[in-house]
Amino acid sequence: MNDEKTLRRSPLSLQVDLSKFSSADFEPASEEEKSQQEVMSESVTFFRDGMRRLRKNPLAMASVVVLVLILLTIIIAPMIVPYGYDEIITVNGRRDKTAANMAPFTWSQMEQQYIDDGGSLFPHIFGTDSTGRDYFIRVIYGARVSLSVGLFASILVLIIGMLYGSIAGYFGGKVDLVMMRIVDIIYSLPDMLMVILLSVVLKEVLGTALQGTVLDKLGSNMVAMFVVFGLLYWVGMARLIRGQILTIKENEYVLAAKCLGAPSSRIIRQHVLPNCLSVIIITTALQIPSAIFTESYLSFLGLGVSAPMPSLGSLANEARQGLQSYPYKLMFPALAICLIVLALNLLGDGLRDAFDPKLKR
Amino acid sequence: MLKYFVKRVLLAVLTIVIISAITFFAMYAIPGGPFNSEKALSEVTKAALEERYGLNNPVPVQYVNYMKNLLQGDLGVSLKTQREVSTIIADGFPVSAKLGGMAALVAVVLGIVLGSTAALMRNKWPDRLIVFLTTLFTAMPSFVLATLLLYFFSLKLQLVPVWSPGSPNYLLPVISLAAYPTAYITRLTKTSMLDALGQDYVRTARAKGVSGVKVIFKHALRNALIPVITYVGPMVAYILVGSMVVESIFTIGGLGSQFVTSITNRDYTVIMGTTIFLASLMVTANLITDLVYKLVDPRIKLD
Amino acid sequence: MSEEKKYVLQVKDLHTTFVTDSGEVQAVNGVSFNLEPGKILGIVGESGSGKSVTAYSIMQILAENGRVTSGEVLYNGEDITKWSKKQMTGFRGKCCSIIFQDPMTSLNPVFTIGNQLEEAIRLHTGKSKKEAKERAVEMLKLVGVNEPAKRVKQYPFELSGGMRQRVMIAMALACEPDILIADEPTTALDVTIQAQILELMQELQHKLGMAIIIVTHDLGVIADMCDEIIVMYGGRVCERGTADDIFYEPAHEYTKGLLRSIPTAGNTHERLQPIGGTPINLLNMPEGCAFCTRCDNAMKICLTQVPEELQVGEHHRASCWMNVKQAMEEAAK
């Protein structure tokens, strides 16, 4: 091959050993044979592709398992455990004054007496609190309260934010300008501080206003908390959804759909919603743990749900009193908060990695 | 630039006005008015207070008067201790500021270092360890961490002395307060660092013969820090709010624990005054963050 | 040895792979070529043909998951794939520079133009800050940036795309490298600016005498400026030769297809014929010729065996079984 300089054009037959080949090799290949070579990567929908990635994420899957276990526990446990969250332990209908501050899986004198007499009692899995209430069931109810506050607050935020954001994004122009200025102002308020302030106030105001209504059962604090969340945290969601709608509205495929004469209802259903759905789901999923965080914080300050209803934050706060003697009383609610928030965070991260195409590698 | 600056400052002022209005009307909405506490005040005090605040005036007049006093730094007196609210704030703030300042410093420095390390050693053990720790600390409320630290290191192992005003030991409170923002900044830095390292301009820098270390610390980090700056405002807010529980747990007599006490005592004037003070701090922090952000990133158009 | 000295750059049987979630991708699969000093080489191919990866492999600026697995890259006869990181730092920018496709993102947004130019200058020359600044202005003037003294103080976002690409060229040539690699230098620019940039590159080549490798997907754009053109497909070289060889006597089915899909002036009757099928999926390469699945004249052998490179003209070589078939026919005669 070094003699290329001297050759103008060497006959092709001199360059290859033609005996290697048979004429059959040079018959045209059929389309079928060609397509066999072309292994197409299977086409998957966006949703299935995301689910596949989510399933491959061990942390997210572990979080799902943990969350399901926690949910099952807090649903089933109150059916099995014969104690109430606000019920001071009674033995044979008599209040058991010795049952306060018991360690896990121990009995009070009266209970021991009762068992010795042949009775059977359900064990105090986490012991009892300082007023003699079963601590396990209180932690279970605390987790119930925390999770439901987190969930409902996030749904509330989602609904308000989605309505406001889509109206602003859809109409655009002056409406959008005014609506977004309002959002800007609310956004610039220090949220936690306003939450604390409003919780203080609403607790007082709602306490009298709600008396005798259905909401009274929930407790003025709980309602106050929803109101506060609804009032302050929707702005982030509204901004996000407006931004999404504005971006999607500009896309060529929406223009293409418009040119084909698709009605706006179809455009919203077919093009706008599916495209911002993943962002909405991911943000909501990550909103839940942050709402739980805020709730536990408020409860810790004594602004959360009203006693005797427990929440994980208020349980942790109560546990501080006897920290030296009964440290486990802090551990149970603290572990519960951490586990719930951790699992929700990891699941949210997993969802984001799996469904946000912008992060796709 | 000047136009933007003025606009941004005006927005900040407006925000503070709105906050004070919300605070005022929130307190006004409480049944019985702000001076009707469970512990009955003596008729004389009550009369004096009502006289002073003109509680018999119509609401708008009350609000104007209240704003006038506010501008003069007069936040009223505590309902429980009869001390001037402004004095209470002035007493409590230095300790809180020191605590918060240290926490902020730790969070920013440690967060950037850990975040860059994680990004550069992606999928190796230091990265995995950092990811594990940050995930853990972002799931742990500050009050849980503070109580756990207090229990193990001060009470159980007695390694760190319990806080006392005479010999303040900031170690545990600072850790409790800084843990979350540190974890957050670490994650933020890692993400934006990885993003920056994948950018075309980093490839350009490598292509013109810039050494590996310099590519990272000059070209990538500078860009990666821009998102981190935006977190400084929210971080100040987090630390101020977080210091309330942390100070209460460690019994530090700062502004935060005083605020918590005033909530428990329903000491409305103190709640009001402290809210406005803290809110102004947060708004100022946000303002500064925004301005610095515009200065650091030349791409942002100043309008 | 004299053979090797003749070339400023020789690439021999280069293989580059990327490790991805879906498996290992063979992006460059045995590419070889020689570059003489002061000549212009064009590498043409569609997306995924491995042309840019070849360029990055030479510079050793592959992404983290990419690696040169075998082959040699000889710079003045020395194999730079064996060089240390530090040696490579000295190589990049000084011996060989590269400009990228997208001037909008290739300059660091937070530093001024001057700052980035000076950095390149000071890295490879002992110049002081002041000298570097002068040199930066001089370079900007050379690449036709108006008001260079003002531009050095500006940030990339304040410049248009064409201006930024000129800045990139100035930065690449600031230390007078022997080789300039231009990776799709005009793809992201307007057509009128494209011509200006290409003219500028030719003009600078005359002035400074460096060798140029132009990587592009657009055969037409570079046809009249290249001394040699390499056509790549699926990580392999299909055909190489002068522009005349490639245009008038294409000897590979892919090249032929490519030429049929280019509109030409004066041709008003024939319809353009796009190449059918979908671009190659590097994760699922056919056993034989990479192009066989899209080739109209594919034969049985094309599906199973990789064709050898044969000489079809003085400087013209191609790897297509059609040529062997032709040889068989010749021999039969």
# chains A, B, ... in the order shown; residues from 1 in each chain; ligands from 1

call {"tool": "select_by_dssp", "arguments": {"residues": "segment 52-140 of chain C", "states": "helix (DSSP H, G or I)", "output": "ChimeraX atom specification"}}
result
/C:52-59,80-82,85-91,103-106,113-124,129-140

call {"tool": "select_by_dssp", "arguments": {"residues": "segment 66-112 of chain C", "states": "strand (DSSP E or B)", "output": "list of chain:residue names"}}
result
C:Gly66, C:Arg67, C:Val68, C:Thr69, C:Ser70, C:Gly71, C:Glu72, C:Val73, C:Leu74, C:Tyr75, C:Glu78, C:Asp79, C:Arg92, C:Cys96, C:Ser97, C:Ile98, C:Ile99

call {"tool": "write_last_selection", "arguments": {"atoms": "N, CA and C atoms", "output": "short mmCIF file (atom, residue, chain, number, x, y, z; two decimals), in the first residue's frame"}}
result
data_model
loop_
_atom_site.label_atom_id
_atom_site.label_comp_id
_atom_site.auth_asym_id
_atom_site.auth_seq_id
_atom_site.Cartn_x
_atom_site.Cartn_y
_atom_site.Cartn_z
N GLY C 66 -16.24 8.66 28.45
CA GLY C 66 -15.64 8.25 27.18
C GLY C 66 -14.16 7.93 27.34
N ARG C 67 -13.67 6.98 26.50
CA ARG C 67 -12.28 6.56 26.64
C ARG C 67 -11.75 6.09 25.29
N VAL C 68 -10.50 6.46 25.00
CA VAL C 68 -9.83 5.91 23.81
C VAL C 68 -9.35 4.53 24.20
N THR C 69 -9.89 3.49 23.55
CA THR C 69 -9.54 2.14 24.00
C THR C 69 -8.33 1.60 23.28
N SER C 70 -8.16 1.97 22.00
CA SER C 70 -6.93 1.53 21.33
C SER C 70 -6.64 2.47 20.17
N GLY C 71 -5.45 2.32 19.61
CA GLY C 71 -5.05 3.18 18.50
C GLY C 71 -4.04 4.22 18.94
N GLU C 72 -3.49 4.91 17.95
CA GLU C 72 -2.46 5.91 18.25
C GLU C 72 -2.84 7.25 17.65
N VAL C 73 -2.43 8.31 18.32
CA VAL C 73 -2.53 9.65 17.74
C VAL C 73 -1.12 10.22 17.75
N LEU C 74 -0.51 10.33 16.57
CA LEU C 74 0.88 10.80 16.52
C LEU C 74 0.92 12.27 16.17
N TYR C 75 1.55 13.06 17.05
CA TYR C 75 1.76 14.47 16.77
C TYR C 75 3.24 14.63 16.48
N GLU C 78 5.07 11.63 17.56
CA GLU C 78 5.02 11.16 18.96
C GLU C 78 3.59 10.78 19.32
N ASP C 79 3.46 9.65 19.99
CA ASP C 79 2.12 9.17 20.32
C ASP C 79 1.58 9.91 21.55
N ARG C 92 -2.77 21.01 24.38
CA ARG C 92 -4.03 21.68 24.03
C ARG C 92 -3.83 23.19 24.04
N CYS C 96 -2.32 22.25 19.36
CA CYS C 96 -3.55 21.95 18.66
C CYS C 96 -4.71 22.63 19.37
N SER C 97 -5.53 23.37 18.63
CA SER C 97 -6.66 24.07 19.22
C SER C 97 -7.94 23.58 18.60
N ILE C 98 -9.03 23.86 19.27
CA ILE C 98 -10.32 23.41 18.74
C ILE C 98 -11.36 24.51 18.93
N ILE C 99 -12.21 24.67 17.96
CA ILE C 99 -13.36 25.55 18.15
C ILE C 99 -14.62 24.71 18.01
#

call {"tool": "interface_residues", "arguments": {"of": "chain B", "to": "chain A", "cutoff": "7 Å", "atoms": "only C-alpha atoms", "output": "list of chain:residue names"}}
result
B:Thr15, B:Ala26, B:Met27, B:Ala29, B:Ile30, B:Pro31, B:Leu136, B:Ala139, B:Met140, B:Pro141, B:Val144, B:Ala237, B:Val260, B:Thr275, B:Ala279, B:Met282

call {"tool": "write_last_selection", "arguments": {"atoms": "N, CA and C atoms", "output": "PDB file, in the first residue's frame"}}
result
ATOM      1  N   THR B  15     -43.001  45.403  51.067  1.00  0.00           N
ATOM      2  CA  THR B  15     -43.186  44.132  51.765  1.00  0.00           C
ATOM      3  C   THR B  15     -43.243  44.339  53.269  1.00  0.00           C
ATOM      4  N   ALA B  26     -53.901  41.228  62.201  1.00  0.00           N
ATOM      5  CA  ALA B  26     -53.988  39.907  62.814  1.00  0.00           C
ATOM      6  C   ALA B  26     -54.192  40.039  64.307  1.00  0.00           C
ATOM      7  N   MET B  27     -53.428  40.932  64.917  1.00  0.00           N
ATOM      8  CA  MET B  27     -53.539  41.117  66.361  1.00  0.00           C
ATOM      9  C   MET B  27     -54.874  41.751  66.717  1.00  0.00           C
ATOM     10  N   ALA B  29     -57.580  41.268  65.187  1.00  0.00           N
ATOM     11  CA  ALA B  29     -58.653  40.291  65.003  1.00  0.00           C
ATOM     12  C   ALA B  29     -58.824  39.376  66.206  1.00  0.00           C
ATOM     13  N   ILE B  30     -57.825  39.329  67.059  1.00  0.00           N
ATOM     14  CA  ILE B  30     -57.922  38.433  68.209  1.00  0.00           C
ATOM     15  C   ILE B  30     -59.047  38.911  69.123  1.00  0.00           C
ATOM     16  N   PRO B  31     -59.939  37.998  69.498  1.00  0.00           N
ATOM     17  CA  PRO B  31     -61.085  38.406  70.316  1.00  0.00           C
ATOM     18  C   PRO B  31     -60.635  39.167  71.558  1.00  0.00           C
ATOM     19  N   LEU B 136     -29.922  12.340  55.071  1.00  0.00           N
ATOM     20  CA  LEU B 136     -30.332  12.148  56.461  1.00  0.00           C
ATOM     21  C   LEU B 136     -30.658  13.483  57.128  1.00  0.00           C
ATOM     22  N   ALA B 139     -33.815  15.299  56.318  1.00  0.00           N
ATOM     23  CA  ALA B 139     -35.048  14.669  56.806  1.00  0.00           C
ATOM     24  C   ALA B 139     -35.196  14.835  58.308  1.00  0.00           C
ATOM     25  N   MET B 140     -34.271  15.572  58.938  1.00  0.00           N
ATOM     26  CA  MET B 140     -34.300  15.669  60.394  1.00  0.00           C
ATOM     27  C   MET B 140     -34.621  17.106  60.817  1.00  0.00           C
ATOM     28  N   PRO B 141     -35.775  17.319  61.445  1.00  0.00           N
ATOM     29  CA  PRO B 141     -36.097  18.678  61.887  1.00  0.00           C
ATOM     30  C   PRO B 141     -35.063  19.162  62.897  1.00  0.00           C
ATOM     31  N   VAL B 144     -35.420  18.063  66.518  1.00  0.00           N
ATOM     32  CA  VAL B 144     -35.029  16.683  66.823  1.00  0.00           C
ATOM     33  C   VAL B 144     -33.516  16.596  66.993  1.00  0.00           C
ATOM     34  N   ALA B 237     -33.637  33.221  56.506  1.00  0.00           N
ATOM     35  CA  ALA B 237     -34.973  33.019  57.052  1.00  0.00           C
ATOM     36  C   ALA B 237     -35.035  31.717  57.838  1.00  0.00           C
ATOM     37  N   VAL B 260     -40.524  32.428  71.324  1.00  0.00           N
ATOM     38  CA  VAL B 260     -41.286  31.225  71.669  1.00  0.00           C
ATOM     39  C   VAL B 260     -42.022  31.431  72.991  1.00  0.00           C
ATOM     40  N   THR B 275     -42.053  39.789  65.320  1.00  0.00           N
ATOM     41  CA  THR B 275     -42.374  39.390  63.948  1.00  0.00           C
ATOM     42  C   THR B 275     -41.921  40.462  62.961  1.00  0.00           C
ATOM     43  N   ALA B 279     -39.046  39.849  60.337  1.00  0.00           N
ATOM     44  CA  ALA B 279     -39.470  39.919  58.942  1.00  0.00           C
ATOM     45  C   ALA B 279     -38.627  40.946  58.182  1.00  0.00           C
ATOM     46  N   MET B 282     -35.352  39.420  57.353  1.00  0.00           N
ATOM     47  CA  MET B 282     -35.436  38.455  56.250  1.00  0.00           C
ATOM     48  C   MET B 282     -35.586  39.165  54.917  1.00  0.00           C
TER      49      MET B 282
END

call {"tool": "residues_around", "arguments": {"residues": "segment 83-96 of chain B", "least_positions_apart": "6", "cutoff": "8 Å", "atoms": "only C-alpha atoms", "output": "list in words"}}
result
Gly73, Asp74, Leu75, Gly76, Val77, Ser243, Gly253, Gly254, Leu255, Gly256, Gln258, Thr269, Val270, Gly273 and Thr274 of chain B

call {"tool": "interface_residues", "arguments": {"of": "chain C", "to": "chain A", "cutoff": "6 Å", "atoms": "only C-alpha atoms", "output": "list in words"}}
result
Pro286, Thr293, Ala298, Met299, Lys300, Ile301, Gly313, Glu314 and Ala327 of chain C

call {"tool": "closest_residue", "arguments": {"among": "B:Gly198, B:Gly166, B:Gly242, B:Pro58", "to": "chain C", "atoms": "only C-alpha atoms"}}
result
B:Gly198
